[in-house]
$ cat run.cif   # mmCIF, C-alpha atoms, pLDDT in the B column; chains and numbers go by the auth columns
data_protein
loop_
_atom_site.group_PDB
_atom_site.id
_atom_site.type_symbol
_atom_site.label_atom_id
_atom_site.label_comp_id
_atom_site.label_asym_id
_atom_site.label_seq_id
_atom_site.Cartn_x
_atom_site.Cartn_y
_atom_site.Cartn_z
_atom_site.B_iso_or_equiv
_atom_site.auth_seq_id
_atom_site.auth_asym_id
ATOM 1 C CA MET A 1 -43.844 92.410 -49.136 42.00 1 A
ATOM 2 C CA GLU A 2 -40.787 94.454 -49.929 51.00 2 A
ATOM 3 C CA THR A 3 -37.783 92.478 -51.246 48.00 3 A
ATOM 4 C CA GLU A 4 -35.473 93.631 -48.468 56.00 4 A
ATOM 5 C CA ASN A 5 -37.982 92.559 -45.816 80.00 5 A
ATOM 6 C CA ALA A 6 -37.982 89.018 -47.213 86.00 6 A
ATOM 7 C CA PHE A 7 -34.367 88.740 -46.011 92.00 7 A
ATOM 8 C CA HIS A 8 -34.735 90.696 -42.765 95.00 8 A
ATOM 9 C CA CYS A 9 -34.267 88.358 -39.820 95.00 9 A
ATOM 10 C CA CYS A 10 -31.627 87.666 -37.187 96.00 10 A
ATOM 11 C CA ALA A 11 -30.197 84.663 -39.040 96.00 11 A
ATOM 12 C CA THR A 12 -29.101 86.921 -41.923 96.00 12 A
ATOM 13 C CA CYS A 13 -27.451 89.552 -39.697 97.00 13 A
ATOM 14 C CA ILE A 14 -23.703 89.958 -39.163 97.00 14 A
ATOM 15 C CA HIS A 15 -24.272 89.907 -35.388 97.00 15 A
ATOM 16 C CA PHE A 16 -26.060 86.533 -35.288 98.00 16 A
ATOM 17 C CA ARG A 17 -24.122 83.791 -33.459 97.00 17 A
ATOM 18 C CA VAL A 18 -24.830 80.096 -32.926 97.00 18 A
ATOM 19 C CA GLU A 19 -23.482 78.789 -29.633 96.00 19 A
ATOM 20 C CA LYS A 20 -23.251 75.068 -28.985 96.00 20 A
ATOM 21 C CA GLY A 21 -23.045 73.971 -25.380 92.00 21 A
ATOM 22 C CA THR A 22 -23.821 71.040 -23.147 93.00 22 A
ATOM 23 C CA GLY A 23 -27.438 72.190 -22.916 91.00 23 A
ATOM 24 C CA GLY A 24 -27.850 72.270 -26.698 96.00 24 A
ATOM 25 C CA VAL A 25 -27.736 75.041 -29.251 96.00 25 A
ATOM 26 C CA SER A 26 -28.549 78.654 -28.451 96.00 26 A
ATOM 27 C CA TYR A 27 -28.684 81.716 -30.681 97.00 27 A
ATOM 28 C CA ARG A 28 -27.267 85.040 -29.601 96.00 28 A
ATOM 29 C CA CYS A 29 -26.969 88.570 -30.923 96.00 29 A
ATOM 30 C CA SER A 30 -23.378 89.678 -30.356 96.00 30 A
ATOM 31 C CA ARG A 31 -24.417 93.327 -30.681 94.00 31 A
ATOM 32 C CA LEU A 32 -27.340 93.273 -28.251 92.00 32 A
ATOM 33 C CA THR A 33 -25.717 90.541 -26.096 92.00 33 A
ATOM 34 C CA TYR A 34 -28.824 88.450 -25.515 91.00 34 A
ATOM 35 C CA GLU A 35 -30.490 85.313 -26.793 95.00 35 A
ATOM 36 C CA THR A 36 -32.533 85.557 -29.945 96.00 36 A
ATOM 37 C CA ARG A 37 -34.102 83.279 -32.544 96.00 37 A
ATOM 38 C CA PRO A 38 -33.163 82.971 -36.238 96.00 38 A
ATOM 39 C CA ASP A 39 -36.558 84.317 -37.370 95.00 39 A
ATOM 40 C CA TYR A 40 -36.744 87.330 -35.036 95.00 40 A
ATOM 41 C CA ARG A 41 -36.481 90.848 -36.488 93.00 41 A
ATOM 42 C CA PHE A 42 -34.919 93.942 -34.936 91.00 42 A
ATOM 43 C CA GLN A 43 -34.366 97.445 -36.290 91.00 43 A
ATOM 44 C CA CYS A 44 -30.594 97.152 -35.754 90.00 44 A
ATOM 45 C CA TRP A 45 -30.345 94.489 -38.484 94.00 45 A
ATOM 46 C CA THR A 46 -27.162 94.615 -40.570 96.00 46 A
ATOM 47 C CA PRO A 47 -27.242 92.048 -43.390 96.00 47 A
ATOM 48 C CA THR A 48 -24.241 89.879 -44.236 97.00 48 A
ATOM 49 C CA GLU A 49 -22.400 90.508 -47.514 97.00 49 A
ATOM 50 C CA LYS A 50 -24.008 87.425 -49.055 96.00 50 A
ATOM 51 C CA VAL A 51 -27.482 88.713 -48.189 95.00 51 A
ATOM 52 C CA LYS A 52 -26.636 92.174 -49.561 95.00 52 A
ATOM 53 C CA ARG A 53 -25.673 90.572 -52.887 94.00 53 A
ATOM 54 C CA LEU A 54 -28.911 88.560 -52.953 93.00 54 A
ATOM 55 C CA MET A 55 -30.961 91.699 -52.269 92.00 55 A
ATOM 56 C CA GLU A 56 -29.182 93.546 -55.106 92.00 56 A
ATOM 57 C CA ALA A 57 -29.763 90.627 -57.474 92.00 57 A
ATOM 58 C CA ARG A 58 -33.477 90.638 -56.643 90.00 58 A
ATOM 59 C CA LYS A 59 -33.682 94.408 -57.182 86.00 59 A
ATOM 60 C CA SER A 60 -32.128 94.094 -60.644 86.00 60 A
ATOM 61 C CA GLN A 61 -34.623 91.363 -61.609 84.00 61 A
ATOM 62 C CA ARG A 62 -37.602 93.689 -61.177 73.00 62 A
#
$ encode --input "run.cif" --output "structure tokens"
Amino acid sequence: METENAFHCCATCIHFRVEKGTGGVSYRCSRLTYETRPDYRFQCWTPTEKVKRLMEARKSQR
């Protein structure tokens, strides 16, 4: 598995939102405007700055 793919999921994307409501917690992609799950993967993934730094650190360890 490629290092970048180990991080690739909705929960590590800048567009991932957690919404708490009376019915419980839901997860939403603010870019695609629909419900998602933290472990889903889409091609439009844009990692957060923290995840970018982790990916760079892993690359330099190789």
$ atom_distance --input "run.cif" --atom1 "atom CA of A:Thr48" --atom2 "atom CA of A:Lys20"
21.3 Å
$ closest_residue --input "run.cif" --among "A:Asn5, A:Val51, A:Phe42, A:Ala11" --to "A:Tyr27" --atoms "only C-alpha atoms"
A:Ala11
$ resolve_selection --input "run.cif" --expression "the PyMOL selection byres ((chain A and resi 32) around 12)" --output "list in words"
Cys10, Ile14, His15, Phe16, Arg17, Tyr27, Arg28, Cys29, Ser30, Arg31, Thr33, Tyr34, Glu35, Thr36, Phe42, Gln43, Cys44 and Trp45 of chain A
$ resolve_selection --input "run.cif" --expression "the PyMOL selection byres ((chain A and resi 40) around 6)" --output "ChimeraX atom specification"
/A:9-10,37-39,41
$ axis_aligned_box --input "run.cif" --around "stretch 37-54 of chain A" --padding-each-side "3 Å" --output "JSON"
{"center_x": -29.6, "center_y": 90.2, "center_z": -42.7, "size_x": 20.3, "size_y": 20.5, "size_z": 26.4}
$ atom_distance --input "run.cif" --atom1 "atom CA of A:Pro47" --atom2 "atom CA of A:Lys59"
15.4 Å
$ atom_distance --input "run.cif" --atom1 "atom CA of A:Glu19" --atom2 "atom CA of A:Ala6"
25.0 Å
$ decode --input "run.cif" --residues "stretch 33-48 of chain A" --atoms "all heavy atoms" --output "short mmCIF file (atom, residue, chain, number, x, y, z; two decimals), in the first residue's frame"
data_model
loop_
_atom_site.label_atom_id
_atom_site.label_comp_id
_atom_site.auth_asym_id
_atom_site.auth_seq_id
_atom_site.Cartn_x
_atom_site.Cartn_y
_atom_site.Cartn_z
N THR A 33 -21.63 18.08 -0.75
CA THR A 33 -22.91 18.39 -0.09
C THR A 33 -23.79 17.17 0.17
O THR A 33 -25.00 17.25 0.06
CB THR A 33 -23.72 19.47 -0.84
OG1 THR A 33 -24.13 18.95 -2.11
CG2 THR A 33 -22.94 20.74 -1.03
N TYR A 34 -23.19 16.06 0.54
CA TYR A 34 -24.00 14.91 0.94
C TYR A 34 -23.35 14.14 2.07
O TYR A 34 -22.18 14.34 2.37
CB TYR A 34 -24.35 14.00 -0.24
CG TYR A 34 -23.20 13.40 -0.99
CD1 TYR A 34 -22.54 12.28 -0.51
CD2 TYR A 34 -22.79 13.93 -2.20
CE1 TYR A 34 -21.49 11.71 -1.21
CE2 TYR A 34 -21.74 13.37 -2.90
CZ TYR A 34 -21.11 12.27 -2.41
OH TYR A 34 -20.08 11.71 -3.11
N GLU A 35 -24.13 13.26 2.68
CA GLU A 35 -23.62 12.47 3.79
C GLU A 35 -22.54 11.52 3.32
O GLU A 35 -22.58 11.01 2.21
CB GLU A 35 -24.75 11.68 4.46
CG GLU A 35 -25.37 12.43 5.60
CD GLU A 35 -26.24 11.55 6.46
OE1 GLU A 35 -25.70 10.63 7.11
OE2 GLU A 35 -27.44 11.82 6.48
N THR A 36 -21.60 11.28 4.20
CA THR A 36 -20.50 10.38 3.92
C THR A 36 -20.17 9.62 5.20
O THR A 36 -20.88 9.72 6.18
CB THR A 36 -19.27 11.16 3.38
OG1 THR A 36 -18.27 10.23 3.00
CG2 THR A 36 -18.72 12.14 4.39
N ARG A 37 -19.11 8.87 5.19
CA ARG A 37 -18.61 8.17 6.37
C ARG A 37 -17.13 8.50 6.50
O ARG A 37 -16.46 8.77 5.49
CB ARG A 37 -18.77 6.65 6.21
CG ARG A 37 -20.19 6.17 6.07
CD ARG A 37 -21.06 6.31 7.28
NE ARG A 37 -20.41 5.75 8.47
CZ ARG A 37 -20.77 6.04 9.70
NH1 ARG A 37 -21.74 6.87 9.93
NH2 ARG A 37 -20.15 5.50 10.73
N PRO A 38 -16.58 8.46 7.71
CA PRO A 38 -15.16 8.80 7.89
C PRO A 38 -14.20 7.94 7.07
O PRO A 38 -13.16 8.42 6.62
CB PRO A 38 -14.93 8.57 9.38
CG PRO A 38 -16.26 8.74 10.00
CD PRO A 38 -17.25 8.22 8.98
N ASP A 39 -14.56 6.67 6.82
CA ASP A 39 -13.65 5.77 6.11
C ASP A 39 -13.88 5.70 4.60
O ASP A 39 -13.16 4.98 3.90
CB ASP A 39 -13.73 4.37 6.71
CG ASP A 39 -15.13 3.80 6.68
OD1 ASP A 39 -16.11 4.57 6.69
OD2 ASP A 39 -15.26 2.56 6.67
N TYR A 40 -14.83 6.43 4.08
CA TYR A 40 -15.06 6.44 2.63
C TYR A 40 -13.90 7.14 1.92
O TYR A 40 -13.20 7.95 2.51
CB TYR A 40 -16.35 7.15 2.27
CG TYR A 40 -17.61 6.39 2.55
CD1 TYR A 40 -17.61 5.12 3.09
CD2 TYR A 40 -18.84 6.97 2.27
CE1 TYR A 40 -18.78 4.44 3.35
CE2 TYR A 40 -20.02 6.29 2.53
CZ TYR A 40 -19.99 5.02 3.06
OH TYR A 40 -21.15 4.36 3.31
N ARG A 41 -13.74 6.84 0.63
CA ARG A 41 -12.69 7.46 -0.19
C ARG A 41 -13.28 7.97 -1.49
O ARG A 41 -14.03 7.27 -2.15
CB ARG A 41 -11.61 6.43 -0.54
CG ARG A 41 -10.81 5.97 0.62
CD ARG A 41 -9.81 4.94 0.16
NE ARG A 41 -8.95 4.57 1.27
CZ ARG A 41 -7.74 4.11 1.10
NH1 ARG A 41 -7.24 3.93 -0.10
NH2 ARG A 41 -7.00 3.80 2.14
N PHE A 42 -12.92 9.20 -1.84
CA PHE A 42 -13.34 9.80 -3.10
C PHE A 42 -12.13 10.41 -3.79
O PHE A 42 -11.15 10.77 -3.14
CB PHE A 42 -14.41 10.88 -2.87
CG PHE A 42 -15.68 10.34 -2.28
CD1 PHE A 42 -15.94 10.46 -0.93
CD2 PHE A 42 -16.62 9.70 -3.08
CE1 PHE A 42 -17.10 9.95 -0.38
CE2 PHE A 42 -17.79 9.19 -2.55
CZ PHE A 42 -18.03 9.32 -1.19
N GLN A 43 -12.19 10.55 -5.09
CA GLN A 43 -11.08 11.10 -5.86
C GLN A 43 -10.85 12.59 -5.58
O GLN A 43 -9.78 13.11 -5.85
CB GLN A 43 -11.31 10.88 -7.36
CG GLN A 43 -11.28 9.43 -7.77
CD GLN A 43 -9.95 8.76 -7.46
OE1 GLN A 43 -8.89 9.37 -7.60
NE2 GLN A 43 -10.00 7.53 -7.03
N CYS A 44 -11.85 13.27 -5.05
CA CYS A 44 -11.73 14.71 -4.81
C CYS A 44 -11.03 15.02 -3.49
O CYS A 44 -10.99 16.16 -3.05
CB CYS A 44 -13.11 15.36 -4.81
SG CYS A 44 -14.22 14.71 -3.54
N TRP A 45 -10.48 14.05 -2.83
CA TRP A 45 -9.85 14.17 -1.52
C TRP A 45 -8.77 15.24 -1.50
O TRP A 45 -7.88 15.27 -2.34
CB TRP A 45 -9.26 12.82 -1.15
CG TRP A 45 -8.54 12.75 0.16
CD1 TRP A 45 -9.09 12.86 1.39
CD2 TRP A 45 -7.15 12.52 0.36
NE1 TRP A 45 -8.14 12.70 2.37
CE2 TRP A 45 -6.92 12.50 1.74
CE3 TRP A 45 -6.08 12.32 -0.49
CZ2 TRP A 45 -5.66 12.29 2.29
CZ3 TRP A 45 -4.84 12.12 0.06
CH2 TRP A 45 -4.64 12.10 1.44
N THR A 46 -8.87 16.15 -0.53
CA THR A 46 -7.85 17.17 -0.29
C THR A 46 -7.45 17.06 1.18
O THR A 46 -8.23 17.40 2.06
CB THR A 46 -8.41 18.58 -0.56
OG1 THR A 46 -8.94 18.62 -1.89
CG2 THR A 46 -7.33 19.63 -0.41
N PRO A 47 -6.25 16.56 1.46
CA PRO A 47 -5.86 16.32 2.85
C PRO A 47 -5.69 17.62 3.64
O PRO A 47 -5.35 18.66 3.08
CB PRO A 47 -4.52 15.59 2.73
CG PRO A 47 -3.99 15.97 1.40
CD PRO A 47 -5.18 16.20 0.52
N THR A 48 -5.91 17.53 4.95
CA THR A 48 -5.69 18.66 5.83
C THR A 48 -4.18 18.93 5.93
O THR A 48 -3.37 18.07 5.56
CB THR A 48 -6.25 18.39 7.24
OG1 THR A 48 -5.54 17.28 7.80
CG2 THR A 48 -7.74 18.12 7.22
#
